[in-house]
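Dropping protein-v5.pdb in here (PDB, C-alpha atoms):
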ATOM      1  CA  LYS T   7     -60.963   6.418  47.010
ATOM      2  CA  SER T   8     -64.683   5.798  47.573
ATOM      3  CA  GLU T   9     -66.769   8.204  49.660
ATOM      4  CA  GLU T  10     -67.179   5.416  52.209
ATOM      5  CA  GLY T  11     -63.412   5.503  52.767
ATOM      6  CA  VAL T  12     -63.231   9.272  53.308
ATOM      7  CA  GLY T  13     -62.140  10.102  56.849
ATOM      8  CA  MET T  14     -61.121   6.502  57.604
ATOM      9  CA  GLN T  15     -57.622   5.574  58.720
ATOM     10  CA  LEU T  16     -56.404   3.689  55.684
ATOM     11  CA  ASN T  17     -53.916   0.836  55.887
ATOM     12  CA  ASN T  18     -50.728   1.001  53.874
ATOM     13  CA  VAL T  19     -50.743  -2.310  52.019
ATOM     14  CA  PHE T  20     -47.789  -3.651  50.031
ATOM     15  CA  ILE T  21     -48.521  -6.177  47.251
ATOM     16  CA  THR T  22     -45.664  -8.038  45.574
ATOM     17  CA  GLY T  23     -46.223  -9.467  42.106
ATOM     18  CA  ALA T  24     -48.774  -6.739  41.362
ATOM     19  CA  THR T  25     -48.828  -7.397  37.613
ATOM     20  CA  GLY T  26     -49.433 -11.109  38.143
ATOM     21  CA  PHE T  27     -52.770 -12.884  38.119
ATOM     22  CA  ILE T  28     -53.571 -12.860  41.861
ATOM     23  CA  GLY T  29     -51.609  -9.674  42.594
ATOM     24  CA  SER T  30     -53.497  -7.578  40.045
ATOM     25  CA  HIS T  31     -56.877  -8.782  41.300
ATOM     26  CA  LEU T  32     -55.827  -7.998  44.865
ATOM     27  CA  CYS T  33     -54.787  -4.468  43.839
ATOM     28  CA  GLY T  34     -58.221  -3.942  42.324
ATOM     29  CA  ALA T  35     -59.985  -5.285  45.418
ATOM     30  CA  LEU T  36     -57.884  -3.454  48.028
ATOM     31  CA  LYS T  37     -57.323   0.021  46.600
ATOM     32  CA  GLU T  38     -60.759   1.428  47.515
ATOM     33  CA  ARG T  39     -60.130   1.072  51.271
ATOM     34  CA  ASN T  40     -56.336   1.090  51.465
ATOM     35  CA  ASN T  41     -53.247   2.867  50.260
ATOM     36  CA  VAL T  42     -51.826   0.207  47.946
ATOM     37  CA  ILE T  43     -48.118   0.070  47.173
ATOM     38  CA  ALA T  44     -47.638  -2.277  44.223
ATOM     39  CA  LEU T  45     -44.363  -3.986  43.343
ATOM     40  CA  VAL T  46     -43.926  -4.133  39.566
ATOM     41  CA  ARG T  47     -40.991  -5.897  37.924
ATOM     42  CA  ASP T  48     -41.901  -5.905  34.219
ATOM     43  CA  ASN T  49     -43.720  -3.259  32.195
ATOM     44  CA  ILE T  50     -46.697  -5.150  30.719
ATOM     45  CA  PRO T  51     -49.009  -2.968  28.571
ATOM     46  CA  SER T  52     -52.545  -4.064  29.393
ATOM     47  CA  GLU T  53     -55.945  -2.423  29.749
ATOM     48  CA  TRP T  54     -56.725  -4.747  32.662
ATOM     49  CA  LEU T  55     -53.511  -3.892  34.512
ATOM     50  CA  SER T  56     -53.969  -0.172  33.888
ATOM     51  CA  GLU T  57     -57.382  -0.374  35.541
ATOM     52  CA  ALA T  58     -56.358  -2.690  38.381
ATOM     53  CA  LEU T  59     -53.247  -0.678  39.297
ATOM     54  CA  SER T  60     -54.753   2.797  38.858
ATOM     55  CA  ASP T  61     -54.531   4.848  42.081
ATOM     56  CA  CYS T  62     -51.828   2.496  43.389
ATOM     57  CA  THR T  63     -48.301   3.640  44.170
ATOM     58  CA  LEU T  64     -46.035   1.704  41.797
ATOM     59  CA  VAL T  65     -42.585   0.575  42.908
ATOM     60  CA  ARG T  66     -40.339  -0.968  40.265
ATOM     61  CA  GLY T  67     -37.899  -3.689  41.226
ATOM     62  CA  ASP T  68     -37.365  -7.363  41.990
ATOM     63  CA  VAL T  69     -38.838  -9.151  44.992
ATOM     64  CA  THR T  70     -35.487 -10.805  45.751
ATOM     65  CA  ASP T  71     -33.897  -7.393  46.432
ATOM     66  CA  THR T  72     -33.873  -7.353  50.237
ATOM     67  CA  ARG T  73     -32.671  -3.742  50.470
ATOM     68  CA  LEU T  74     -35.546  -2.651  48.258
ATOM     69  CA  MET T  75     -38.058  -4.589  50.389
ATOM     70  CA  ILE T  76     -36.751  -2.911  53.545
ATOM     71  CA  ARG T  77     -36.741   0.540  51.937
ATOM     72  CA  VAL T  78     -40.290   0.244  50.564
ATOM     73  CA  MET T  79     -41.791  -1.054  53.804
ATOM     74  CA  ASN T  80     -39.989   1.627  55.801
ATOM     75  CA  GLN T  81     -40.646   4.538  53.413
ATOM     76  CA  TYR T  82     -44.364   3.825  53.003
ATOM     77  CA  LYS T  83     -44.897   2.714  56.623
ATOM     78  CA  VAL T  84     -46.398  -0.538  55.436
ATOM     79  CA  ASP T  85     -48.968  -2.163  57.729
ATOM     80  CA  LYS T  86     -49.657  -5.361  55.786
ATOM     81  CA  VAL T  87     -47.901  -7.330  53.049
ATOM     82  CA  TYR T  88     -49.548  -9.623  50.505
ATOM     83  CA  HIS T  89     -46.708 -11.645  48.995
ATOM     84  CA  THR T  90     -47.915 -13.055  45.662
ATOM     85  CA  ALA T  91     -44.756 -12.645  43.544
ATOM     86  CA  ALA T  92     -43.489 -16.027  42.342
ATOM     87  CA  GLU T  93     -42.746 -18.190  39.372
ATOM     88  CA  THR T  94     -46.131 -19.932  39.353
ATOM     89  CA  ILE T  95     -46.285 -21.677  35.982
ATOM     90  CA  VAL T  96     -45.324 -25.314  36.505
ATOM     91  CA  LYS T  97     -43.994 -25.772  32.940
ATOM     92  CA  ARG T  98     -41.683 -22.752  33.214
ATOM     93  CA  ALA T  99     -40.530 -23.849  36.664
ATOM     94  CA  HIS T 100     -39.657 -27.272  35.269
ATOM     95  CA  ILE T 101     -37.548 -25.705  32.501
ATOM     96  CA  ASP T 102     -35.794 -23.207  34.786
ATOM     97  CA  PRO T 103     -35.568 -24.588  38.346
ATOM     98  CA  LEU T 104     -32.703 -22.255  39.310
ATOM     99  CA  ASN T 105     -34.758 -19.103  38.708
ATOM    100  CA  THR T 106     -37.810 -20.736  40.298
ATOM    101  CA  TYR T 107     -36.020 -21.564  43.543
ATOM    102  CA  TYR T 108     -34.263 -18.207  43.664
ATOM    103  CA  THR T 109     -37.451 -16.203  43.060
ATOM    104  CA  ASN T 110     -39.806 -18.261  45.193
ATOM    105  CA  VAL T 111     -37.467 -19.001  48.103
ATOM    106  CA  MET T 112     -35.186 -15.968  48.316
ATOM    107  CA  GLY T 113     -38.041 -13.657  47.355
ATOM    108  CA  CYS T 114     -39.955 -14.960  50.376
ATOM    109  CA  VAL T 115     -36.931 -14.423  52.633
ATOM    110  CA  ALA T 116     -36.453 -10.871  51.321
ATOM    111  CA  VAL T 117     -40.103 -10.011  51.983
ATOM    112  CA  LEU T 118     -40.084 -11.492  55.489
ATOM    113  CA  GLU T 119     -36.808  -9.823  56.355
ATOM    114  CA  GLY T 120     -38.150  -6.482  55.159
ATOM    115  CA  ALA T 121     -41.277  -7.002  57.252
ATOM    116  CA  ARG T 122     -39.268  -8.067  60.307
ATOM    117  CA  GLN T 123     -36.946  -5.075  60.188
ATOM    118  CA  THR T 124     -39.781  -2.572  59.736
ATOM    119  CA  ASN T 125     -42.274  -4.136  62.179
ATOM    120  CA  VAL T 126     -45.004  -4.839  59.628
ATOM    121  CA  GLN T 127     -48.213  -5.899  61.383
ATOM    122  CA  LYS T 128     -49.067  -8.948  59.275
ATOM    123  CA  ILE T 129     -47.856 -10.855  56.213
ATOM    124  CA  CYS T 130     -49.667 -13.143  53.774
ATOM    125  CA  LEU T 131     -47.552 -15.769  51.989
ATOM    126  CA  LEU T 132     -49.760 -17.071  49.187
ATOM    127  CA  ASN T 133     -49.390 -20.818  48.700
ATOM    128  CA  THR T 134     -50.764 -23.722  46.681
ATOM    129  CA  ASP T 135     -52.314 -27.181  46.907
ATOM    130  CA  LYS T 136     -49.307 -28.513  44.964
ATOM    131  CA  ILE T 137     -47.308 -28.721  48.215
ATOM    132  CA  TYR T 138     -49.269 -31.863  49.190
ATOM    133  CA  GLY T 139     -48.423 -33.808  46.034
ATOM    134  CA  ASP T 140     -50.690 -36.397  44.426
ATOM    135  CA  ARG T 141     -53.346 -36.585  47.129
ATOM    136  CA  MET T 142     -57.106 -36.195  47.455
ATOM    137  CA  ASN T 143     -58.674 -34.353  50.383
ATOM    138  CA  ALA T 144     -55.303 -33.140  51.680
ATOM    139  CA  SER T 145     -55.432 -31.732  55.199
ATOM    140  CA  VAL T 146     -53.487 -28.676  56.320
ATOM    141  CA  ASP T 147     -51.717 -30.978  58.790
ATOM    142  CA  ASP T 148     -50.608 -33.456  56.110
ATOM    143  CA  VAL T 149     -46.901 -33.771  55.412
ATOM    144  CA  MET T 150     -45.777 -31.633  52.477
ATOM    145  CA  GLN T 151     -44.275 -33.525  49.557
ATOM    146  CA  ALA T 152     -41.149 -32.778  47.521
ATOM    147  CA  GLY T 153     -42.043 -32.775  43.844
ATOM    148  CA  GLU T 154     -41.406 -30.634  40.790
ATOM    149  CA  PRO T 155     -39.572 -27.330  41.415
ATOM    150  CA  TYR T 156     -42.654 -25.098  41.782
ATOM    151  CA  ALA T 157     -44.335 -27.304  44.384
ATOM    152  CA  THR T 158     -41.112 -27.844  46.312
ATOM    153  CA  SER T 159     -40.255 -24.134  46.343
ATOM    154  CA  LYS T 160     -43.701 -23.322  47.784
ATOM    155  CA  ALA T 161     -43.352 -25.999  50.464
ATOM    156  CA  ILE T 162     -40.047 -24.409  51.445
ATOM    157  CA  GLN T 163     -41.753 -21.001  51.498
ATOM    158  CA  ARG T 164     -44.339 -22.221  54.004
ATOM    159  CA  LEU T 165     -41.593 -23.609  56.247
ATOM    160  CA  ILE T 166     -39.699 -20.303  56.063
ATOM    161  CA  GLY T 167     -42.876 -18.473  57.078
ATOM    162  CA  GLU T 168     -43.352 -20.797  60.043
ATOM    163  CA  SER T 169     -39.715 -20.226  61.014
ATOM    164  CA  TYR T 170     -40.115 -16.440  61.045
ATOM    165  CA  ALA T 171     -43.399 -16.696  62.955
ATOM    166  CA  GLN T 172     -41.903 -18.942  65.646
ATOM    167  CA  THR T 173     -38.537 -17.191  65.887
ATOM    168  CA  TYR T 174     -39.623 -13.548  65.751
ATOM    169  CA  GLY T 175     -43.270 -13.692  66.820
ATOM    170  CA  MET T 176     -44.463 -12.324  63.469
ATOM    171  CA  LYS T 177     -48.109 -12.616  62.390
ATOM    172  CA  ILE T 178     -48.072 -14.658  59.195
ATOM    173  CA  ILE T 179     -50.753 -16.511  57.255
ATOM    174  CA  SER T 180     -49.944 -19.170  54.643
ATOM    175  CA  PRO T 181     -53.147 -19.972  52.737
ATOM    176  CA  SER T 182     -53.017 -22.783  50.163
ATOM    177  CA  PHE T 183     -55.602 -22.615  47.394
ATOM    178  CA  CYS T 184     -56.608 -25.126  44.758
ATOM    179  CA  ASN T 185     -56.389 -24.088  41.075
ATOM    180  CA  ILE T 186     -57.415 -20.447  40.829
ATOM    181  CA  PHE T 187     -59.150 -19.184  37.689
ATOM    182  CA  GLY T 188     -60.464 -15.887  36.350
ATOM    183  CA  TYR T 189     -59.250 -13.312  33.855
ATOM    184  CA  ASP T 190     -55.718 -14.615  33.414
ATOM    185  CA  LEU T 191     -53.435 -14.722  30.367
ATOM    186  CA  ASN T 192     -51.074 -17.347  31.774
ATOM    187  CA  ASP T 193     -50.652 -20.843  30.372
ATOM    188  CA  ARG T 194     -53.425 -22.704  32.233
ATOM    189  CA  ILE T 195     -56.331 -24.853  31.080
ATOM    190  CA  ILE T 196     -59.211 -22.389  31.529
ATOM    191  CA  PRO T 197     -57.594 -19.279  29.975
ATOM    192  CA  ASN T 198     -55.992 -21.396  27.234
ATOM    193  CA  THR T 199     -59.350 -22.890  26.268
ATOM    194  CA  ILE T 200     -61.153 -19.527  26.324
ATOM    195  CA  LYS T 201     -58.417 -17.921  24.210
ATOM    196  CA  LYS T 202     -58.677 -20.670  21.584
ATOM    197  CA  CYS T 203     -62.454 -20.352  21.444
ATOM    198  CA  LEU T 204     -62.290 -16.566  21.057
ATOM    199  CA  ARG T 205     -59.896 -17.032  18.149
ATOM    200  CA  GLY T 206     -62.418 -19.366  16.525
ATOM    201  CA  GLU T 207     -60.160 -22.399  17.022
ATOM    202  CA  GLN T 208     -61.065 -25.872  18.242
ATOM    203  CA  PRO T 209     -59.923 -26.497  21.819
ATOM    204  CA  GLU T 210     -58.292 -29.858  22.419
ATOM    205  CA  ILE T 211     -59.396 -32.556  24.827
ATOM    206  CA  PHE T 212     -56.693 -35.043  25.745
ATOM    207  CA  VAL T 213     -58.319 -38.472  25.653
ATOM    208  CA  ASN T 214     -55.548 -39.984  27.770
ATOM    209  CA  ASP T 215     -55.669 -37.293  30.494
ATOM    210  CA  GLU T 216     -57.513 -38.680  33.529
ATOM    211  CA  SER T 217     -56.230 -36.058  35.963
ATOM    212  CA  ILE T 218     -58.634 -34.436  38.417
ATOM    213  CA  ARG T 219     -58.248 -30.822  39.502
ATOM    214  CA  GLU T 220     -60.077 -28.615  41.971
ATOM    215  CA  PHE T 221     -60.947 -25.008  41.089
ATOM    216  CA  ILE T 222     -61.769 -21.735  42.851
ATOM    217  CA  TYR T 223     -62.658 -18.310  41.424
ATOM    218  CA  VAL T 224     -60.163 -15.464  41.806
ATOM    219  CA  ASP T 225     -62.647 -12.990  43.336
ATOM    220  CA  ASP T 226     -63.415 -15.505  46.099
ATOM    221  CA  VAL T 227     -59.660 -15.868  46.657
ATOM    222  CA  ALA T 228     -59.157 -12.086  46.942
ATOM    223  CA  ARG T 229     -62.081 -11.757  49.336
ATOM    224  CA  THR T 230     -60.748 -14.614  51.462
ATOM    225  CA  LEU T 231     -57.239 -13.167  51.657
ATOM    226  CA  ILE T 232     -58.550  -9.757  52.714
ATOM    227  CA  LYS T 233     -60.748 -11.303  55.423
ATOM    228  CA  MET T 234     -57.840 -13.373  56.738
ATOM    229  CA  MET T 235     -55.555 -10.358  56.852
ATOM    230  CA  ASP T 236     -58.147  -8.098  58.487
ATOM    231  CA  GLY T 237     -58.886 -10.648  61.220
ATOM    232  CA  GLU T 238     -56.757 -12.247  63.895
ATOM    233  CA  TYR T 239     -56.045 -15.339  61.799
ATOM    234  CA  VAL T 240     -52.492 -16.710  61.651
ATOM    235  CA  GLY T 241     -50.918 -19.950  60.461
ATOM    236  CA  ALA T 242     -51.641 -22.277  57.545
ATOM    237  CA  PHE T 243     -54.997 -22.676  55.815
ATOM    238  CA  ASN T 244     -56.409 -24.808  53.034
ATOM    239  CA  VAL T 245     -59.121 -23.063  51.023
ATOM    240  CA  THR T 246     -61.325 -24.674  48.398
ATOM    241  CA  ALA T 247     -64.705 -24.210  46.729
ATOM    242  CA  GLY T 248     -65.071 -27.955  46.170
ATOM    243  CA  TRP T 249     -65.264 -27.779  42.358
ATOM    244  CA  LEU T 250     -63.573 -30.930  41.007
ATOM    245  CA  SER T 251     -63.343 -31.550  37.273
ATOM    246  CA  LYS T 252     -61.434 -33.482  34.648
ATOM    247  CA  GLN T 253     -59.925 -31.675  31.682
ATOM    248  CA  GLU T 254     -62.730 -32.826  29.354
ATOM    249  CA  GLU T 255     -65.439 -31.493  31.667
ATOM    250  CA  ILE T 256     -63.800 -28.064  31.874
ATOM    251  CA  VAL T 257     -63.361 -27.761  28.099
ATOM    252  CA  LEU T 258     -66.950 -28.815  27.415
ATOM    253  CA  LYS T 259     -68.330 -26.303  29.939
ATOM    254  CA  ILE T 260     -66.415 -23.515  28.232
ATOM    255  CA  LEU T 261     -67.517 -24.736  24.788
ATOM    256  CA  SER T 262     -71.170 -24.408  25.839
ATOM    257  CA  HIS T 263     -70.591 -20.634  25.565
ATOM    258  CA  PHE T 264     -69.278 -20.990  21.996
ATOM    259  CA  PRO T 265     -72.020 -23.029  20.269
ATOM    260  CA  ILE T 266     -70.520 -23.211  16.768
ATOM    261  CA  LEU T 267     -67.269 -24.767  17.991
ATOM    262  CA  LYS T 268     -66.542 -28.411  18.697
ATOM    263  CA  ALA T 269     -63.727 -29.979  20.693
ATOM    264  CA  LYS T 270     -60.910 -31.860  19.011
ATOM    265  CA  TYR T 271     -60.134 -35.151  20.783
ATOM    266  CA  VAL T 272     -56.436 -35.970  20.621
ATOM    267  CA  LYS T 273     -53.958 -38.291  22.281
ATOM    268  CA  VAL T 274     -50.791 -36.548  23.426
ATOM    269  CA  GLN T 275     -47.701 -37.335  25.424
ATOM    270  CA  LEU T 276     -48.594 -35.866  28.790
ATOM    271  CA  PRO T 277     -45.948 -34.239  30.980
ATOM    272  CA  ARG T 278     -45.168 -35.705  34.354
ATOM    273  CA  GLN T 279     -47.922 -34.299  36.516
ATOM    274  CA  ILE T 280     -50.066 -34.730  39.605
ATOM    275  CA  ILE T 281     -52.981 -37.004  38.658
ATOM    276  CA  ARG T 282     -55.506 -36.532  41.470
ATOM    277  CA  GLN T 283     -55.567 -33.578  43.807
ATOM    278  CA  SER T 284     -58.021 -31.868  46.138
ATOM    279  CA  LEU T 285     -57.999 -30.100  49.495
ATOM    280  CA  GLN T 286     -59.755 -30.533  52.819
ATOM    281  CA  SER T 287     -60.620 -26.970  53.753
ATOM    282  CA  ASN T 288     -60.098 -25.582  57.249
ATOM    283  CA  TRP T 289     -61.585 -22.236  56.189
ATOM    284  CA  GLN T 290     -65.312 -21.553  55.813
ATOM    285  CA  LEU T 291     -65.637 -20.132  52.303
ATOM    286  CA  ASN T 292     -69.007 -18.379  52.402
ATOM    287  CA  PRO T 293     -70.531 -17.050  50.265
ATOM    288  CA  VAL T 294     -68.973 -18.414  47.087
ATOM    289  CA  MET T 295     -69.812 -17.543  43.483
ATOM    290  CA  PRO T 296     -71.396 -20.559  41.702
ATOM    291  CA  PHE T 297     -68.960 -22.185  39.280
ATOM    292  CA  ASN T 298     -71.010 -21.581  36.125
ATOM    293  CA  GLU T 299     -71.492 -17.924  37.049
ATOM    294  CA  ALA T 300     -67.773 -17.536  37.717
ATOM    295  CA  LEU T 301     -66.977 -19.128  34.360
ATOM    296  CA  GLU T 302     -69.437 -16.830  32.548
ATOM    297  CA  THR T 303     -67.917 -13.797  34.264
ATOM    298  CA  THR T 304     -64.435 -14.921  33.222
ATOM    299  CA  ILE T 305     -65.467 -15.312  29.586
ATOM    300  CA  ARG T 306     -67.134 -11.871  29.612
ATOM    301  CA  LYS T 307     -63.912 -10.328  30.910
ATOM    302  CA  PHE T 308     -61.892 -12.003  28.166
ATOM    303  CA  ARG T 309     -64.338 -10.647  25.588
ATOM    304  CA  HIS T 310     -64.071  -7.184  27.100
ATOM    305  CA  TYR T 311     -60.298  -6.972  27.504
ATOM    306  CA  ARG T 312     -59.335  -8.981  24.420
ATOM    307  CA  LYS T 313     -61.758  -7.698  21.807
ATOM    308  CA  ASP T 314     -59.195  -8.539  19.095
ATOM    309  CA  TRP T 315     -59.619 -12.246  19.842
ATOM    310  CA  ASP T 316     -63.403 -12.056  20.144
ATOM    311  CA  VAL T 317     -63.594 -10.555  16.644
ATOM    312  CA  ALA T 318     -62.223 -13.826  15.234
ATOM    313  CA  TYR T 319     -64.974 -15.906  16.870
ATOM    314  CA  ARG T 320     -67.736 -13.471  15.907
ATOM    315  CA  THR T 321     -66.461 -13.422  12.312
ATOM    316  CA  LYS T 322     -66.657 -17.229  12.266
ATOM    317  CA  VAL T 323     -70.233 -17.090  13.613
ATOM    318  CA  TYR T 324     -71.200 -14.598  10.861
ATOM    319  CA  LYS T 325     -69.702 -16.766   8.108
ATOM    320  CA  GLU T 326     -71.449 -19.901   9.312
ATOM    321  CA  ALA T 327     -74.817 -18.222   9.903
TER
END

Could you express the structure from this file as structure tokens?
Amino acid sequence: KSEEGVGMQLNNVFITGATGFIGSHLCGALKERNNVIALVRDNIPSEWLSEALSDCTLVRGDVTDTRLMIRVMNQYKVDKVYHTAAETIVKRAHIDPLNTYYTNVMGCVAVLEGARQTNVQKICLLNTDKIYGDRMNASVDDVMQAGEPYATSKAIQRLIGESYAQTYGMKIISPSFCNIFGYDLNDRIIPNTIKKCLRGEQPEIFVNDESIREFIYVDDVARTLIKMMDGEYVGAFNVTAGWLSKQEEIVLKILSHFPILKAKYVKVQLPRQIIRQSLQSNWQLNPVMPFNEALETTIRKFRHYRKDWDVAYRTKVYKEA
């Protein structure tokens, strides 16, 4: 722990989904001022995860195991829970709805039941803009929409959180974020494009994709979650940085960091998807890292943690010089 934290009464913080994108960044952000207990399901060898989870207490198991949730929160006298474990990739959720609903719905119930039985002070149920469906400037008071399995499971999760808050008087926040990006190896547009560029490959731009997405940087998300949990905030929140882009715009911004590469324009059969989506924020996000700076930082992290990919791009630069 940092010298600043010496002598302080540290919180015991439990993070589910600690090897996931948001969970790992939260572990890195919280461990300096808290005792972090990290739930790990799969063993994923990674330099990034080794750094992010260092000095954390690792607990192996599945978030849907209610007995485990109760035992962990009781044994480690947990003060706060950040519940980030979920099936979050829309394509995988579409292929396997049964696992998606079981993980995202029953995992939420297991976490809340563990927190209820052990008198945890406060719980964060991480949510998404997908719960509002195909809608621009969605308000936190707008009706949630049933849609593909991921979105629907997260809408159910928010309702379960509201049920536990109303029934048992528990302090729960349910923040919905727009598309979060940063150092992330999952199947999403920004990491996918960066990975292709680092391998010296042409990223694709779908000429028939007119969808609009809103983005926010992962460090701003972690900082927001910590502030919400440290304050007296409860209930649902929409959080956005206001960065709206089409797929082409995102790919071209990333390509500006890889000057010898050009995009490949292709027409593809697009999956059923939300076309236009953005949030009306009821949370003051301030300060916020500028988008271009956040994108540069993300690319630097990919180059640092995936040097094997960066070698391919640098080799291509050398050959074409």

request  = Quick one: pull the distance between CA of Pro277 (chain T) and CA of Pro155 (chain T), Å, one decimal.
outcome  = 14.0 Å

Edge lengths and centre in Å to one decimal, as lines of an AutoDock Vina configuration file, is what I'm after for the box along x, y and z that holds all listed atoms of region 37-41 of chain T once 8 Å is added on each side.
center_x = -57.0
center_y = 1.4
center_z = 49.0
size_x = 23.5
size_y = 18.8
size_z = 20.9

task = Take the PyMOL selection byres ((chain T and resi 171-181) around 7), apply it to the structure above, and return the hits as a PyMOL selection string.
result = chain T and resi 127-133+164+167-170+182-183+240-245

Take the residues from that selection and write them out as a PDB file, in the coordinates of the input, keeping C-alpha atoms.
ATOM      1  CA  GLN T 127     -48.213  -5.899  61.383  1.00  0.00           C
ATOM      2  CA  LYS T 128     -49.067  -8.948  59.275  1.00  0.00           C
ATOM      3  CA  ILE T 129     -47.856 -10.855  56.213  1.00  0.00           C
ATOM      4  CA  CYS T 130     -49.667 -13.143  53.774  1.00  0.00           C
ATOM      5  CA  LEU T 131     -47.552 -15.769  51.989  1.00  0.00           C
ATOM      6  CA  LEU T 132     -49.760 -17.071  49.187  1.00  0.00           C
ATOM      7  CA  ASN T 133     -49.390 -20.818  48.700  1.00  0.00           C
ATOM      8  CA  ARG T 164     -44.339 -22.221  54.004  1.00  0.00           C
ATOM      9  CA  GLY T 167     -42.876 -18.473  57.078  1.00  0.00           C
ATOM     10  CA  GLU T 168     -43.352 -20.797  60.043  1.00  0.00           C
ATOM     11  CA  SER T 169     -39.715 -20.226  61.014  1.00  0.00           C
ATOM     12  CA  TYR T 170     -40.115 -16.440  61.045  1.00  0.00           C
ATOM     13  CA  SER T 182     -53.017 -22.783  50.163  1.00  0.00           C
ATOM     14  CA  PHE T 183     -55.602 -22.615  47.394  1.00  0.00           C
ATOM     15  CA  VAL T 240     -52.492 -16.710  61.651  1.00  0.00           C
ATOM     16  CA  GLY T 241     -50.918 -19.950  60.461  1.00  0.00           C
ATOM     17  CA  ALA T 242     -51.641 -22.277  57.545  1.00  0.00           C
ATOM     18  CA  PHE T 243     -54.997 -22.676  55.815  1.00  0.00           C
ATOM     19  CA  ASN T 244     -56.409 -24.808  53.034  1.00  0.00           C
ATOM     20  CA  VAL T 245     -59.121 -23.063  51.023  1.00  0.00           C
TER      21      VAL T 245
END

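CA of Glu207 (chain T) is positioned 20.9 Å from CA of Lys252 (chain T).
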
Point-to-point distance in Å for CA of Ile21 (chain T) and CA of Thr106 (chain T) = 19.4 Å

query = Closest to Thr72 (chain T) among T:Leu36, T:Val111, T:Ala58, T:Val117, using all atoms listed in the file?
reply = T:Val117

query = Hey, which of T:Pro51, T:Gly67, T:Gly153, T:Gly29 ends up closest to Pro103 (chain T)? Count all atoms listed in the file.
reply =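 Among T:Pro51, T:Gly67, T:Gly153, T:Gly29, it is T:Gly153 that comes nearest to Pro103 (chain T).
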
request  = Determine the residue set returned by the PyMOL selection byres ((chain T and resi 233) around 12) for the present structure, and present it as a list in words.
outcome  = Ala35, Leu36, Cys130, Ile179, Pro181, Asp226, Val227, Ala228, Arg229, Thr230, Leu231, Ile232, Met234, Met235, Asp236, Gly237, Glu238, Tyr239, Val240, Trp289, Gln290, Leu291 and Asn292 of chain T

message = Running the PyMOL selection byres ((chain T and resi 306-313) around 10) on this model by hand, what would come out? Give it as a ChimeraX atom specification.
response = /T:52-54,188-191,197,200-201,204,300-305,314-318

inquiry  = From the options T:Ala144, T:Ile195, T:Ile211, T:Val149, which residue's atoms come nearest to Lys273 (chain T), counting only C-alpha atoms?
reply    =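 For Lys273 (chain T), the nearest of the candidates is T:Ile211.
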
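Of the residues listed (T:Asn110, T:Asn198, T:Thr321, T:Asn143), T:Asn143 shows the shortest atom-to-atom separation from Ser287 (chain T); distances use only C-alpha atoms.
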
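With distances taken over all atoms listed in the file, T:Lys270 is the one residue among T:Lys136, T:Lys270, T:Arg98, T:Arg39 lying closest to Leu258 (chain T).
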
Exercise: Lys268 (chain T) partners within 12 Å, only C-alpha atoms, chain neighbours under 2 positions left out, as a list of chain:residue names = T:Thr199, T:Lys202, T:Cys203, T:Gly206, T:Glu207, T:Gln208, T:Pro209, T:Glu210, T:Ile211, T:Val257, T:Leu258, T:Lys259, T:Ile260, T:Leu261, T:Ser262, T:His263, T:Phe264, T:Pro265, T:Ile266, T:Lys270, T:Tyr271

remark   = Using only C-alpha atoms, the residue out of T:Tyr138, T:Tyr156, T:Tyr319, T:Phe187 with shortest distance to Ser284 (chain T) is T:Tyr138

query = Can you find the residues with an atom no farther than 12 Å from (-32.0, -14.7, 40.0), counting all atoms listed in the file, and report them as a VMD selection string?
reply = chain T and resid 68 to 71 92 to 93 102 to 113

ask   = Gln253 (chain T): which residues within 8 Å, counting only C-alpha atoms, same-chain residues fewer than 2 positions away excluded, as a PyMOL selection string?
value = chain T and resi 195+211-212+215-218+251+255-257

ask   = Taking (-64.2, -20.5, 42.4) in the file's coordinates as the center, which residues reach within 9 Å of it, counting only C-alpha atoms, put as a list in words?
value =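 Here is the list of nearby residues: Asn185, Ile186, Phe187, Gly188, Phe221, Ile222, Tyr223, Val224, Asp225, Asp226, Val227, Thr246, Ala247, Gly248, Trp249, Val294, Met295, Pro296, Phe297, Ala300 and Leu301 of chain T.
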